Structures are given as C-alpha cells and as structure tokens.
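Participant: Please find one structure pasted underneath; my questions will follow.
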Amino acid sequence: MTSHRENISVMDADDIRRALTRIAHEIVEKNHGAANVVLVGILTRGAPMAERLAVLLKQIEGAEVPVGKLDIGLYRDDYATNPSRALVPTLIPVDLTDKIVVLVDEVLFTGRTVRAAIAALLDIGRPACIQLAVLVDRGHRELPIRPDFVGKNLPTSRIEHVRAHLKEVDGEDSVFIVKPEAKE
Amino acid sequence: MKHLLNLRETSREDILYLLDSARALKEILSRPVKKVPTLRGRAMITLFYENSTRTRSSFEMAAKIMSAEAINIAVAQSSVAKGESLKDTLLTLQSLKADCIVMRHPVSGAAEFAADKLHIPIVNAGDGRHEHPTQGLLDLFTILQYKGEIAGKTVAIVGDITHSRVARSNIWGLTKLGATVRLVAPRTLLPIDADKLPVTICDTLKEGLEGADVVNVLRLQTERQERGLLPSLREYSKLFGVTPATLKFAKPDVLVMHPGPMNRGIEISADAADGKYGIHSAIEEQVTNGVAVRMAVLYTLMGGKEGLE
C-alpha cells in the first residue's frame with residue numbers, strides 16, 4: 001500500500017462536486033436537454049459518478065435520466081495474456097436504441113477501457129450516439145479516443161499513477177497522483 | 001483454479017467465484033444478440049464417452065456465446081472405436097491445440113486421470129458415479145436465484161443416490177455453502193457408506209420432505225430394476241414419487257428441481273414437473289442456468305497465462 005503523505009492531491013471533494021456540476025450542465029447544453037440521455041457508468045467508479053450526474057441532471061432539467069452500469073471484463077483486450085477477473089453484473093435498465101448514451105468513467109488514460117466499453121454497448125443495443133464523460137483526463141492515449149466532457153485535464157508522466165476515490169466506493173472524494181517511488 | 005474435476009475438493013471461495021461470475025454472465029443470454037468476444041481464438045473440445053443431450057449442447061452453447069471454437073468428438077465414430085486408449089486420445093486432442101477439454105466418461109476418476117496426463121484445463125462433465133460438478137454448480141446457482149441464499153436451507157435429494165454423480169456433487173457443494181442435505185431413497189439405492197457423508201438419511205418421503213426448502217429429484221435409472229434393486233417401478237413411484245400430494249409435506253414454497261432427463265410418472269409426476277397447482281418448478285430454468293454456469297467455468301479456466309498456473 002502507498003502511504004497517503006506521498007500522494008499529491010489534485011482535487012478535493014469540493015473540486016469534484018464543482019466539476020461534476022459543470023459536466024452535468026455541459027451534457028444538457030450539448031444535447032439540448034436531457035430527455036433522450038442515458039448515463040452508463042463503467043464499473044467500478046464510473047457507476048457512482050453516473051448516479052451523481054443523474055441527480056444533478058434532475059436538479060437542472062427536472063428530467064429522470066436512466067442510469068446503467070457496465071462491466072467491461074468480457075471485452076478486455078488482454079484476456080489472452082492475463083488471468084480471468086471477477087465479473088460484476090452489467091445492468092442497462094432501458095433499451096438503448098436511438099438514445100444518447102453518456103459513458104462515465106473516473107480516469108481516462110490509454111483509452112483501452114473506453115474502447116472495451118464502446119464494444120460492450122454496441123453488443124447490447126444501437127444508441128443514436130455515445131459520448132464520454134470523465135472526471136480526469138491524464139493523457140497518454142493509445143487509441144483514437146477523445147472525451148466530450150472532462151472534469152480536469154491533468155498532464156502526467158506515464159510512470160505516475162492517478163487515482164480517483166469516490167465516497168460510495170472508497171469513503172472519500174479525492175483525486176491524487178501516486179508518485180512512482182511510493183508505489184510498491 | 002486450473003481444472004474443474006469435482007466439488008469435493010473445490011474450495012468454497014472458488015465455488016462462490018464461479019457462481020458470482022455466472023450471475024454476471026447470465027445477462028448475456030437475454031440479449032437480442034447472444035455473443036461476447038471474450039474467448040475468441042480459444043478452442044474447447046468435448047469428449048463424451050456416454051450419451052448426453054443437455055450437458056454437451058450446454059457446453060457447446062456456452063463456448064459459442066463466448067466466441068470460443070467448440071469441437072465435439074463423437075466417440076462412437078472416432079479412433080476410440082479402433083481401439084485407441086483414453087490416454088492417447090487425450091494427448092491427440094491436446095496436440096490439436098485444444099485450450100480446454102470437457103470430458104464425460106463411464107469410469108469414476110477418468111477426469112482426474114486426464115488432468116494428470118495433460119497440461120491443459122480439464123472440465124469433468126460426469127465421471128461414472130463419482131461427480132458432475134457443473135450440474136452441482138448449476139443446482140447451487142438455481143437455489144440461490146430462487147431462495148436468495150443457501151446457508152440454512154434444507155435440501156432433500158430424492159431417488160437413486162448410489163448411481164448418481166449429480167447427488168454427490170450436490171452434497172459437497174450444498175454442505176460447503178451451509179445447507180442441510182437429506183437423502184431420501186430406498187436402502188437399495190443408497191451407497192453403502194452413506195453414513196460417512198455429511199447428510200441425514202431418510203427412509204420415507206414424508207420424513208425427508210418435512211420442512212424442506214428444496215427437493216432435488218434424481219432420475220430413476222430404470223435398468224436398475226432389472227438388477228433386482230427395486231421390486232417394481234410402480235412400487236417405487238408410489239413410495240418415492242414426487243407429486244403435488246407428497247410435496248405437501250414440504251414447505252409451501254418448496255422448489256422442485258430435476259437434473260433431467262425425467263421419467264415422468266415414475267420419480268416425478270407431470271404436474272409437479274410442470275409447476276401445476278402453484279408448485280414452484282425450476283426444471284426449465286435449471287437448463288438455462290446450466291449455460292450461464294458453464295460460461296463461467298470456461299471463462300475462469302481459459303484465461304491468460306496465470307489462468308493456466
């Protein structure tokens with residue numbers, strides 16, 4: 001485990017709240033409302049983020065936006081070289097046909113997770129479009145993937161680790177950089 | 001875990017891992033397009049030395065939904081008919097670059113023999129009267145689905161226990177997860193060492209079903225009667241047949257299960273099997289759950305390099 005004092009804090013709970021509020025407004029602005037929007041959080045931490053965005057969208061637009069959660073375990077591109085991992089049930093509560101799906105994830109890095117999530121979504125339905133909302137974009141993409149909504153752009157070195165903690169999963173809201181020498 | 005040979009030696013943690021994975025995978029079966037790319041480029045070979053409809057096609061369905069190649073060896077039309085030994089057949093399939101062999105064989109311990117000789121994962125799809133672990137897992141999965149939990153539940157297994165690998169896998173799986181298991185059968189269909197199993201033996205259906213949450217009815221292999229173990233099928237049916245009337249001994253919401261194939265009118269009545277009169281029958285759901293559980297087994301065993309450790 002890494003000890004907390006070696007981490008560099010990047011966002012605190014208030015920063016995260018403000019970033020999500022702005023993203024919610026941007027989702028409404030881009031899509032001229034929230035009527036046709038479905039939020040899909042990538043498990044684990046994208047799911048509570050999607051729930052929070054749904055609450056914010058309700059406050060802004062008064063619309064009940066459906067929230068799904070997506071496990072990308074079956075769509076990973078490294079299954080052939082890595083052992084299988086525990087799977088979590090995917091839950092998409094509505095037919096995605098002709099919906100605007102906003103994929104939600106906490107940290108965007110290589111883009112491979114998002115690639116897997118897009119493949120998974122297209123197997124489940126045929127949305128009108130897929131948009132991407134992330135709390136942190138730390139760069140170093142390995143695939144041509146670009147977020148539509150970003151909480152914070154965070155230039156990093158490839159060897160650093162960026163972690164986002166959310167209350168629902170980790171008991172606290174914070175984004176921090178784990179320095180490589182502090183990593184075990 | 002490298003192989004799935006039995007539930008007796010499979011840890012409680014591994015059993016729970018497989019059941020959790022199956023729960024996540026079952027959702028795929030209700031999609032309009034039932035296909036995920038996970039096992040692309042992997043090959044499963046089924047090698048069945050005994051007849052099977054649901055187990056073999058269930059494994060084949062599971063493999064294909066997960067994009068693995070599924071190759072079936074029909075033993076009657078294979079080199080086995082020319083006298084090839086089990087070991088040589090297995091080595092040939094491994095050299096064909098199978099990533100996993102699913103095997104059914106009339107000899108107890110055959111799957112363990114295969115695991116000992118090969119370095120690829122082996123799944124036991126039934127060996128003699130020893131075990132049928134994927135059937136055990138799907139029965140656990142089905143009880144979890146209907147009852148929410150297994151710990152504290154009472155499960156009555158009724159019928160030909162001696163010759164049943166399903167019974168043995170059920171006994172080990174259920175007791176590992178904290179259920180109470182009762183065996184209900186005439187003494188001639190109970191194994192000699194039944195008192196060494198972690199179960200309660202019941203001589204009558206009334207005693208066995210009293211307060212039971214689940215009744216798992218086994219197929220009465222009718223050829224047994226010819227060997228003098230049963231006076232007549234009619235008498236067996238009268239004393240041990242599961243019917244709406246005998247189910248009244250159990251809890252009102254008792255779940256009726258059967259691994260198939262059924263002899264309707266012998267070990268189970270059509271009304272009980274089909275869920276008439278408000279009876280909760282899970283028999284068709286068991287078949288669907290079998291696909292989900294086998295997907296979980298293939299997913300777990302055919303993973304990357306450490307999956308083979």
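Starting from 1 in every chain, residues are counted up; chains themselves are A, B, ... following the order of the structure tokens, and ligands are numbered from 1 as listed.
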Could you write out, as an NGL selection string, all the residues of region 106-303 of chain B that DSSP marks as strand (DSSP E or B)?
Facilitator: :B and (122-127 or 131 or 154-158 or 180-184 or 200-202 or 214-217 or 242 or 255-257 or 264 or 268 or 280-281)
Participant: Which neighbours of Val94 (chain A) fall inside 9 Å, counting only C-alpha atoms, when residues of the same chain fewer than 6 positions from it are skipped, and could you give them as number ranges by chain?
Facilitator: A: 38, 66-68
Participant: Those same residues, written as a compact mmCIF listing (two decimals), in the first residue's frame with all heavy atoms?
Facilitator:
```txt
# COMPACT_ATOMS: atom_id res chain seq x y z
N VAL A 38 -29.12 8.67 -21.61
CA VAL A 38 -28.94 7.56 -20.66
C VAL A 38 -27.50 7.63 -20.16
O VAL A 38 -26.57 7.74 -20.97
CB VAL A 38 -29.18 6.19 -21.33
CG1 VAL A 38 -28.99 5.06 -20.34
CG2 VAL A 38 -30.57 6.12 -21.94
N PRO A 66 -32.22 7.74 -16.94
CA PRO A 66 -31.88 6.36 -16.55
C PRO A 66 -30.37 6.19 -16.37
O PRO A 66 -29.59 6.81 -17.09
CB PRO A 66 -32.38 5.51 -17.72
CG PRO A 66 -33.18 6.41 -18.59
CD PRO A 66 -32.80 7.82 -18.28
N VAL A 67 -29.99 5.35 -15.39
CA VAL A 67 -28.57 5.11 -15.11
C VAL A 67 -28.29 3.61 -15.23
O VAL A 67 -28.98 2.80 -14.63
CB VAL A 67 -28.20 5.59 -13.68
CG1 VAL A 67 -26.72 5.34 -13.43
CG2 VAL A 67 -28.54 7.05 -13.51
N GLY A 68 -27.28 3.28 -16.02
CA GLY A 68 -26.87 1.89 -16.13
C GLY A 68 -25.46 1.72 -15.60
O GLY A 68 -24.76 2.70 -15.33
```
Participant: For chain A, which residue among B:Ala212, B:Leu47, B:Ser67, B:Ser11 is the nearest when counting only C-alpha atoms?
Facilitator: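 Closest candidate: B:Ser67.
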Participant: Can you check which residues of region 28-144 of chain A DSSP gives as helix (DSSP H, G or I) on the backbone and send them as number ranges by chain?
Facilitator: A: 28-30, 46-61, 73-75, 112-124
Participant: Calculated over only C-alpha atoms, which of the candidates B:Cys202, B:Ile71, B:Leu25, B:Leu255 has the smallest distance to chain A?
Facilitator: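 Looking at the shortest contact to chain A, the residue is B:Leu25.
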